[in-house]
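Raw coords_25.txt, compact mmCIF, C-alpha atoms:
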# COMPACT_ATOMS: atom_id res chain seq x y z
CA MET X 72 57.81 55.57 76.04
CA THR X 73 56.84 55.03 72.43
CA LEU X 74 59.13 53.43 69.94
CA LYS X 75 59.35 56.76 68.13
CA ILE X 76 60.78 58.68 71.11
CA GLN X 77 63.06 55.75 71.90
CA ILE X 78 64.57 55.99 68.45
CA ILE X 79 64.86 59.77 68.65
CA ILE X 80 66.69 59.57 72.00
CA ILE X 81 69.05 56.87 70.78
CA VAL X 82 69.85 58.79 67.62
CA LEU X 83 70.44 62.06 69.54
CA ALA X 84 72.67 60.35 72.10
CA GLY X 85 74.55 58.62 69.31
CA LEU X 86 75.10 61.93 67.52
CA GLY X 87 76.25 63.45 70.81
CA ILE X 88 78.85 60.72 71.25
CA LEU X 89 80.06 61.20 67.69
CA TYR X 90 80.27 64.96 68.24
CA ILE X 91 82.34 64.55 71.43
CA GLY X 92 84.50 61.95 69.71
CA ASN X 93 85.21 64.43 66.95
CA LEU X 94 86.12 67.16 69.46
CA VAL X 95 88.65 64.79 70.99
CA ARG X 96 89.94 63.89 67.54
CA VAL X 97 90.62 67.52 66.62
CA ARG X 98 92.16 68.07 70.11
CA ARG X 99 89.61 70.58 71.30
CA LEU X 100 88.63 68.35 74.19
CA GLU X 101 90.89 66.31 76.43
CA LEU X 102 90.05 62.62 76.31
CA LYS X 103 90.36 62.63 80.10
CA TYR X 104 87.45 65.05 80.44
CA ALA X 105 85.48 63.52 77.56
CA LEU X 106 85.25 60.07 79.13
CA ILE X 107 82.52 61.06 81.58
CA TRP X 108 80.39 62.43 78.72
CA PHE X 109 80.85 59.26 76.69
CA LEU X 110 79.61 57.37 79.73
CA VAL X 111 76.51 59.59 79.91
CA GLY X 112 75.77 58.98 76.23
CA VAL X 113 76.14 55.22 76.57
CA LEU X 114 73.89 55.14 79.66
CA VAL X 115 71.21 57.17 77.90
CA ILE X 116 71.26 54.74 74.98
CA ILE X 117 71.10 51.70 77.26
CA PHE X 118 68.13 53.02 79.22
CA ALA X 119 66.32 54.21 76.10
CA ALA X 120 66.74 50.81 74.45
CA ASN X 121 65.52 48.87 77.51
CA LYS X 122 62.56 50.81 78.79
CA ASN X 123 61.87 48.37 81.62
CA TRP X 124 65.28 48.91 83.18
CA LEU X 125 64.42 52.44 84.30
CA GLN X 126 61.27 51.20 86.03
CA GLY X 127 63.22 48.34 87.57
CA LEU X 128 65.90 50.67 88.91
CA SER X 129 63.33 53.05 90.44
CA ASN X 130 61.63 50.14 92.16
CA LEU X 131 65.01 49.03 93.45
CA LEU X 132 65.68 52.50 94.93
CA GLY X 133 62.12 52.79 96.27
CA ILE X 134 61.18 55.71 94.05
CA GLU X 135 57.66 55.50 92.65
CA LEU X 136 57.99 57.39 89.39
CA PRO X 137 60.96 56.66 87.11
CA ILE X 138 61.01 60.34 86.10
CA ASN X 139 61.68 61.37 89.73
CA MET X 140 64.58 58.99 89.88
CA LEU X 141 65.88 60.42 86.65
CA PHE X 142 65.74 63.97 88.08
CA PHE X 143 67.39 62.84 91.29
CA VAL X 144 70.20 60.88 89.68
CA GLY X 145 70.67 63.55 87.01
CA PHE X 146 70.91 66.28 89.63
CA LEU X 147 73.50 64.35 91.65
CA PHE X 148 75.47 63.74 88.49
CA VAL X 149 75.46 67.43 87.49
CA LEU X 150 76.54 68.44 91.01
CA MET X 151 79.38 65.97 90.81
CA ILE X 152 80.55 67.30 87.46
CA ILE X 153 80.44 70.93 88.65
CA PHE X 154 82.34 70.03 91.77
CA THR X 155 85.03 68.22 89.81
CA GLN X 156 85.36 71.31 87.68
CA THR X 157 85.88 73.57 90.71
CA ILE X 158 88.77 71.30 91.64
CA VAL X 159 90.18 71.54 88.14
CA ILE X 160 89.79 75.33 88.16
CA SER X 161 91.58 75.65 91.52
CA ASN X 162 94.40 73.61 90.13
CA LEU X 163 94.61 75.72 86.99
CA THR X 164 94.53 78.96 89.02
CA ARG X 165 97.48 77.74 91.01
CA LYS X 166 99.41 76.82 87.90
CA SER X 167 98.67 80.01 86.00
CA LYS X 168 99.66 82.05 89.06
CA ARG X 169 103.04 80.34 89.21
CA LEU X 170 103.51 80.78 85.47
CA THR X 171 102.70 84.48 85.71
CA GLN X 172 105.23 84.86 88.50
CA GLU X 173 107.90 82.96 86.59
CA VAL X 174 107.33 85.03 83.46
CA ALA X 175 107.67 88.21 85.53
CA MET X 176 110.90 86.92 87.07
CA LEU X 177 112.29 85.98 83.66
CA ASN X 178 111.41 89.38 82.19
CA LYS X 179 113.17 90.99 85.11
CA ARG X 180 116.28 88.88 84.59
CA ILE X 181 116.40 89.65 80.89
CA ASP X 182 115.97 93.38 81.54
CA ASP X 183 118.77 93.25 84.11
CA MET X 184 121.07 91.38 81.76
CA ILE X 185 120.44 93.88 78.99
CA ALA X 186 121.00 96.72 81.44
CA ALA X 187 124.20 95.09 82.69
CA GLY X 188 125.46 94.86 79.13
CA THR X 189 124.99 98.58 78.57
CA PRO X 190 127.22 100.93 80.59
CA ASP X 191 125.17 103.16 82.87
CA GLY X 192 122.03 101.41 81.72
CA ALA X 193 118.84 101.55 83.75
CA GLY X 194 118.56 99.16 86.68
CA SER X 195 122.33 99.02 87.22
CA MET X 196 121.62 98.37 90.89
CA LEU X 197 121.42 94.71 90.00
CA LYS X 198 124.31 94.61 87.57
CA GLU X 199 126.45 92.28 89.65
CA LYS X 200 123.44 90.34 90.78
CA ALA X 201 122.31 89.51 87.28
CA GLU X 202 125.57 87.70 86.58
CA GLU X 203 125.73 86.06 89.95
CA HIS X 204 122.14 84.92 89.53
CA GLU X 205 122.62 83.34 86.16
CA THR X 206 124.27 80.15 87.41
CA GLU X 207 122.34 80.07 90.65
CA SER X 208 118.92 80.19 89.06
CA VAL X 209 119.68 77.38 86.66
CA LYS X 210 120.41 75.30 89.73
CA ASN X 211 117.18 76.51 91.37
CA ILE X 212 115.11 75.59 88.37
CA GLU X 213 116.61 72.12 88.37
CA ASP X 214 115.86 71.78 92.08
CA ASP X 215 112.27 72.89 91.51
CA ARG X 216 111.92 70.31 88.77
CA LYS X 217 113.17 67.56 91.05
CA GLU X 218 110.66 68.60 93.73
CA ALA X 219 107.86 68.53 91.20
CA MET C 89 124.09 94.02 97.90
CA SER C 90 122.17 93.80 101.14
CA ASN C 91 120.81 90.63 102.72
CA LYS C 92 117.52 92.38 103.53
CA LEU C 93 114.78 92.93 101.00
CA VAL C 94 111.75 95.19 101.07
CA ILE C 95 108.84 93.83 99.03
CA ILE C 96 106.53 96.54 97.73
CA PRO C 97 103.41 95.16 96.04
CA ALA C 98 101.85 97.85 93.86
CA PHE C 99 98.55 97.87 92.04
CA ASN C 100 97.47 101.24 90.63
CA GLU C 101 99.65 103.17 93.08
CA ALA C 102 100.85 105.86 90.69
CA GLY C 103 99.84 108.47 93.27
CA CYS C 104 102.36 107.45 95.88
CA ILE C 105 104.71 104.74 94.61
CA VAL C 106 107.54 107.23 94.00
CA ASN C 107 107.25 108.69 97.50
CA THR C 108 107.07 105.24 99.07
CA VAL C 109 110.18 104.00 97.29
CA ASN C 110 112.15 107.19 97.88
CA ASP C 111 111.19 106.99 101.55
CA ILE C 112 112.68 103.48 101.67
CA ILE C 113 115.84 104.48 99.79
CA GLU C 114 116.40 107.41 102.16
CA ASN C 115 115.26 106.02 105.49
CA ALA C 116 116.21 102.36 105.12
CA PRO C 117 119.53 102.56 103.25
CA ASP C 118 120.73 99.06 104.23
CA PHE C 119 117.76 97.41 102.54
CA ASP C 120 117.36 96.37 98.92
CA TYR C 121 113.86 96.69 97.59
CA VAL C 122 111.76 95.21 94.84
CA ILE C 123 108.47 96.58 93.57
CA ILE C 124 106.01 93.99 92.34
CA ASN C 125 103.78 95.70 89.83
CA ASP C 126 100.59 93.65 89.64
CA CYS C 127 99.74 94.69 86.10
CA SER C 128 98.65 98.19 87.14
CA ARG C 129 96.40 100.01 84.70
CA ASP C 130 97.72 103.45 85.65
CA ASP C 131 101.25 104.83 85.30
CA THR C 132 102.77 102.84 88.19
CA TYR C 133 105.07 100.79 85.97
CA LYS C 134 106.05 103.75 83.80
CA LEU C 135 106.95 105.80 86.89
CA CYS C 136 109.07 102.93 88.21
CA LEU C 137 111.01 102.67 84.95
CA GLU C 138 111.45 106.44 84.66
CA ASN C 139 112.92 106.57 88.14
CA GLY C 140 115.13 103.54 87.54
CA PHE C 141 113.43 101.58 90.34
CA ASN C 142 113.97 97.86 90.73
CA VAL C 143 110.66 96.46 89.55
CA VAL C 144 109.25 93.04 88.68
CA SER C 145 106.10 93.34 86.63
CA LEU C 146 103.48 90.60 86.52
CA PRO C 147 102.16 90.21 82.97
CA ILE C 148 98.65 89.33 84.20
CA ASN C 149 96.84 90.88 87.15
CA SER C 150 97.10 88.18 89.80
CA GLY C 151 95.94 89.73 93.07
CA ILE C 152 97.75 90.96 96.14
CA GLY C 153 98.64 87.50 97.44
CA ALA C 154 100.31 86.44 94.19
CA ALA C 155 102.13 89.78 93.98
CA VAL C 156 103.57 89.51 97.47
CA GLN C 157 104.47 85.89 96.84
CA THR C 158 106.42 86.98 93.77
CA GLY C 159 108.41 89.17 96.15
CA TYR C 160 109.18 86.15 98.32
CA LEU C 161 110.11 84.16 95.24
CA TYR C 162 112.49 86.98 94.32
CA ALA C 163 113.93 86.96 97.85
CA LYS C 164 114.39 83.19 97.66
CA ARG C 165 116.06 83.19 94.25
CA TYR C 166 118.37 86.12 95.00
CA GLY C 167 119.39 84.73 98.36
CA TYR C 168 118.03 87.27 100.83
CA GLU C 169 118.08 86.43 104.55
CA TYR C 170 115.27 88.79 105.56
CA ALA C 171 112.26 90.05 103.68
CA ILE C 172 109.68 92.58 104.72
CA GLN C 173 106.50 93.51 103.01
CA VAL C 174 105.58 97.19 102.84
CA ASP C 175 102.37 98.45 101.28
CA GLY C 176 102.75 100.62 98.20
CA ASP C 177 100.29 103.21 99.46
CA GLY C 178 102.60 104.99 101.88
CA GLN C 179 100.97 103.79 105.10
CA HIS C 180 104.16 102.27 106.40
CA ASP C 181 107.03 104.35 107.69
CA ALA C 182 110.38 103.17 106.34
CA ALA C 183 112.13 104.45 109.45
CA PHE C 184 110.92 101.34 111.29
CA LEU C 185 112.53 98.89 108.87
CA GLY C 186 115.98 99.19 110.45
CA THR C 187 114.55 98.76 113.95
CA MET C 188 112.69 95.64 112.88
CA ALA C 189 115.73 94.14 111.17
CA ARG C 190 117.90 94.69 114.26
CA TYR C 191 115.25 93.05 116.42
CA MET C 192 115.08 90.07 114.05
CA GLU C 193 118.85 89.64 114.08
CA GLU C 194 119.12 89.91 117.85
CA HIS C 195 116.19 87.70 118.76
CA ASN C 196 116.36 85.24 115.87
CA THR C 197 112.62 85.63 115.28
CA GLY C 198 110.79 83.74 112.56
CA MET C 199 108.30 86.46 111.82
CA LEU C 200 108.17 89.96 113.22
CA ILE C 201 104.97 91.98 112.92
CA GLY C 202 104.90 95.75 113.18
CA SER C 203 101.93 96.46 115.44
CA ARG C 204 99.92 99.66 115.70
CA TYR C 205 98.31 98.58 118.95
CA ILE C 206 101.18 98.12 121.38
CA GLU C 207 101.89 101.76 121.98
CA LYS C 208 98.71 102.95 120.29
CA GLN C 209 100.33 105.81 118.42
CA GLY C 210 99.70 107.18 114.95
CA PHE C 211 96.89 106.13 112.61
CA GLN C 212 94.72 103.61 114.45
CA SER C 213 92.23 102.68 111.70
CA SER C 214 88.50 103.39 111.93
CA GLY C 215 86.17 102.06 114.63
CA LEU C 216 84.54 99.17 112.83
CA ARG C 217 87.80 98.05 111.35
CA ARG C 218 89.40 98.07 114.79
CA PHE C 219 86.62 95.83 116.00
CA GLY C 220 87.43 93.44 113.15
CA ILE C 221 91.09 93.45 114.12
CA LYS C 222 90.22 92.68 117.76
CA TYR C 223 88.06 89.82 116.56
CA PHE C 224 90.99 88.30 114.65
CA THR C 225 93.29 88.77 117.64
CA LEU C 226 90.77 86.74 119.66
CA LEU C 227 90.32 84.10 116.92
CA ILE C 228 94.08 83.59 116.57
CA LYS C 229 94.42 83.44 120.36
CA ILE C 230 91.81 80.67 120.47
CA LEU C 231 93.33 78.77 117.54
CA THR C 232 97.00 79.01 118.48
CA GLY C 233 97.17 80.32 122.03
CA LYS C 234 99.32 83.20 120.81
CA LYS C 235 98.26 86.80 121.26
CA ILE C 236 98.88 88.97 118.20
CA THR C 237 97.68 92.53 118.78
CA ASP C 238 97.74 93.56 115.12
CA PRO C 239 97.03 90.47 113.02
CA THR C 240 96.07 92.47 109.92
CA SER C 241 99.24 94.55 109.86
CA GLY C 242 100.82 94.36 106.43
CA MET C 243 104.19 95.25 107.91
CA ARG C 244 105.82 91.93 108.64
CA MET C 245 109.39 90.80 108.38
CA VAL C 246 110.35 87.15 107.95
CA GLY C 247 113.60 85.18 107.96
CA ARG C 248 115.05 82.85 105.36
CA ASP C 249 113.05 79.73 106.33
CA ILE C 250 109.74 81.52 106.04
CA ILE C 251 110.84 83.25 102.81
CA GLU C 252 111.31 79.81 101.29
CA TYR C 253 107.99 78.62 102.66
CA PHE C 254 106.08 81.68 101.42
CA ALA C 255 107.66 81.34 97.97
CA GLU C 256 105.80 78.03 97.69
CA GLU C 257 102.68 78.57 99.78
CA TYR C 258 100.96 81.91 100.13
CA PRO C 259 97.23 82.74 100.28
CA LYS C 260 95.62 84.31 97.24
CA ASP C 261 94.07 87.25 99.03
CA TYR C 262 93.89 88.79 102.53
CA PRO C 263 96.89 86.74 103.70
CA GLU C 264 97.82 88.45 106.98
CA PRO C 265 95.79 86.73 109.73
CA GLU C 266 95.90 83.36 107.95
CA THR C 267 99.68 83.31 107.53
CA ALA C 268 100.13 84.35 111.16
CA VAL C 269 98.24 81.21 112.19
CA THR C 270 100.19 79.04 109.75
CA ILE C 271 103.55 80.34 110.96
CA VAL C 272 102.72 79.80 114.63
CA LYS C 273 101.32 76.32 113.92
CA ARG C 274 104.40 75.31 111.96
CA GLY C 275 106.50 76.09 115.00
CA TRP C 276 108.19 79.31 113.96
CA SER C 277 108.29 82.17 116.43
CA VAL C 278 106.07 85.19 115.86
CA GLU C 279 106.71 88.43 117.69
CA GLU C 280 105.47 92.00 117.51
CA ILE C 281 107.11 95.35 118.00
CA PRO C 282 105.38 98.73 118.10
CA VAL C 283 105.29 100.81 114.94
CA VAL C 284 103.46 103.96 113.94
CA MET C 285 101.48 103.94 110.72
CA LYS C 286 100.20 106.82 108.65
CA GLU C 287 96.89 107.24 106.93
CA ARG C 288 97.09 106.12 103.33
CA GLN C 289 98.39 108.84 101.01
CA ALA C 290 96.38 107.84 97.97
CA GLY C 291 94.37 104.93 96.60
CA THR C 292 91.63 103.02 98.36
CA SER C 293 91.67 100.11 100.77
CA SER C 294 91.23 96.70 99.21
CA ILE C 295 88.54 96.05 101.82
CA SER C 296 85.45 98.08 100.95
CA PRO C 297 82.40 97.95 103.27
CA LYS C 298 80.67 95.60 100.86
CA ARG C 299 83.63 93.24 100.86
CA SER C 300 84.16 93.33 104.60
CA ILE C 301 81.54 90.63 105.20
CA TYR C 302 83.26 88.39 102.67
CA TYR C 303 86.59 89.31 104.26
CA MET C 304 85.48 88.33 107.78
CA ILE C 305 84.03 84.99 106.66
CA LYS C 306 86.81 84.07 104.26
CA VAL C 307 89.64 84.99 106.60
CA SER C 308 87.98 83.29 109.60
CA LEU C 309 87.62 80.07 107.63
CA ALA C 310 91.16 80.40 106.28
CA CYS C 311 92.49 80.77 109.83
CA ILE C 312 90.56 77.74 111.05
CA ILE C 313 91.70 75.61 108.12
CA ALA C 314 95.28 76.84 108.58
CA ALA C 315 95.10 75.85 112.24
CA MET C 316 93.90 72.37 111.34
CA SER C 317 96.20 71.65 108.44
CA SER C 318 99.56 72.17 110.06
Structure encoded using structure tokens:
Amino acid sequence: MTLKIQIIIIVLAGLGILYIGNLVRVRRLELKYALIWFLVGVLVIIFAANKNWLQGLSNLLGIELPINMLFFVGFLFVLMIIFTQTIVISNLTRKSKRLTQEVAMLNKRIDDMIAAGTPDGAGSMLKEKAEEHETESVKNIEDDRKEA
Amino acid sequence: MSNKLVIIPAFNEAGCIVNTVNDIIENAPDFDYVIINDCSRDDTYKLCLENGFNVVSLPINSGIGAAVQTGYLYAKRYGYEYAIQVDGDGQHDAAFLGTMARYMEEHNTGMLIGSRYIEKQGFQSSGLRRFGIKYFTLLIKILTGKKITDPTSGMRMVGRDIIEYFAEEYPKDYPEPETAVTIVKRGWSVEEIPVVMKERQAGTSSISPKRSIYYMIKVSLACIIAAMSS
């Protein structure tokens, strides 16, 4: 590693950290998810600044070429990130599903209430139910909140 | 107001939703019903409104599992004691709903499945599909020790406890065999009574040949995980 490439890497990583920091600042990225990328940036800078450390670490792990270790560790890291994201996605799917269902239920209730307010309005089948439901569902929502 | 609810999930069922609902209104008069429109792209929702049907419409297409679960959520919130799911494509005969409800009330069953394969009458599904169904019967037998002759039947009635459970936990897609395992494992009783089903009136099955491989693998895994987790 020449001094030139060392400087280039450090500058790029530094810019990357600044860029991510700015994304967090303008609220386009959650700090929670940005932390791991800050860590990557800092590690890159550390290993670029101390070129013997990479060699030392490969020797420690019994890998001959530092570049192989870099590929190996990098690959593991990327897998880990992708996996974490599948977990996050599953979680979001679950939440958006429940939100969709709740919005549908609310729409239904509003339609029923409007219909109940108009004589002979559409959906009068649930006229009585809409009123009866009003108090009950407030209780339900409170119960759900407690459970959560 | 009845204490029994029919849940009718509908996604692009404009061809037969009106017939299905009218069939229920005529042949199962002591049931309330709710249509869950899963953001259909055809006229399903419009037809429901025009006919004054009781419909809950999901604002985003969420899949069959989420649609049916919305039905259970509805049943939970509005205090129904029994809920049965009926497909929107006209395969299920509403005349059996009353029979199933009476059986539930008399036997205090947790879940009652309408099976095509007890008396082997009516539409019996195609050869390969029947093989798949037999496979799931065997898998469920191995996992739970309980023999369910028609584990993929969409016609299933549940009581209040399971309504509340399903309102919280329900698989995203292809829920039938998986939920059967879950219900048995959680200690509720599962029984079957014979029903006769018709061939679908319109629309296509959600399980195309290409998807059937995915279906078999996904549902098998789901059943195994369900058996382990409860």
- Message: Which residues are close to Asp118 (chain C), i.e. within 10 Å by only C-alpha atoms, leaving aside same-chain residues fewer than 5 positions away? Reply as a ChimeraX atom specification.
- Response: /C:89-93,112-113,185-186,189
Would you give me, as CSV, each residue of chain C having an atom within 6 Å of an atom of chain X, along with its shortest atom pair and that distance in Å to one decimal, using all atoms listed in the file and sorting by chain and residue number?
residue,atom,partner,partner_atom,distance
C:Gly140,CA,X:Gly194,CA,5.6
C:Val144,CA,X:Lys179,CA,5.7
C:Ser145,CA,X:Ala175,CA,5.5
C:Leu146,CA,X:Ala175,CA,4.9
C:Thr158,CA,X:Gln172,CA,5.8
- Item | Spatial neighbours of Asp126 (chain C), max dist 12 Å, only C-alpha atoms, sep filter under 6 positions, as a PyMOL selection string | (chain X and resi 168+171-172+175) or (chain C and resi 96-101+132-133+143-159+176)
- Note on the structure: Pairwise distance, CA of Ser161 (chain X) with CA of Val272 (chain C), equals 26.0 Å
Non-local contacts of region 295-311 of chain C (10 Å; all atoms listed in the file; under 6 positions in same chain excluded) as a compact mmCIF listing (two decimals) with C-alpha atoms, in the frame of the given file:
# COMPACT_ATOMS: atom_id res chain seq x y z
CA LEU C 216 84.54 99.17 112.83
CA ARG C 217 87.80 98.05 111.35
CA GLY C 220 87.43 93.44 113.15
CA ILE C 221 91.09 93.45 114.12
CA TYR C 223 88.06 89.82 116.56
CA PHE C 224 90.99 88.30 114.65
CA LEU C 227 90.32 84.10 116.92
CA ILE C 228 94.08 83.59 116.57
CA LEU C 231 93.33 78.77 117.54
CA THR C 232 97.00 79.01 118.48
CA PRO C 259 97.23 82.74 100.28
CA ASP C 261 94.07 87.25 99.03
CA TYR C 262 93.89 88.79 102.53
CA PRO C 263 96.89 86.74 103.70
CA GLU C 264 97.82 88.45 106.98
CA PRO C 265 95.79 86.73 109.73
CA GLU C 266 95.90 83.36 107.95
CA THR C 267 99.68 83.31 107.53
CA ALA C 268 100.13 84.35 111.16
CA VAL C 269 98.24 81.21 112.19
CA THR C 270 100.19 79.04 109.75
CA SER C 317 96.20 71.65 108.44
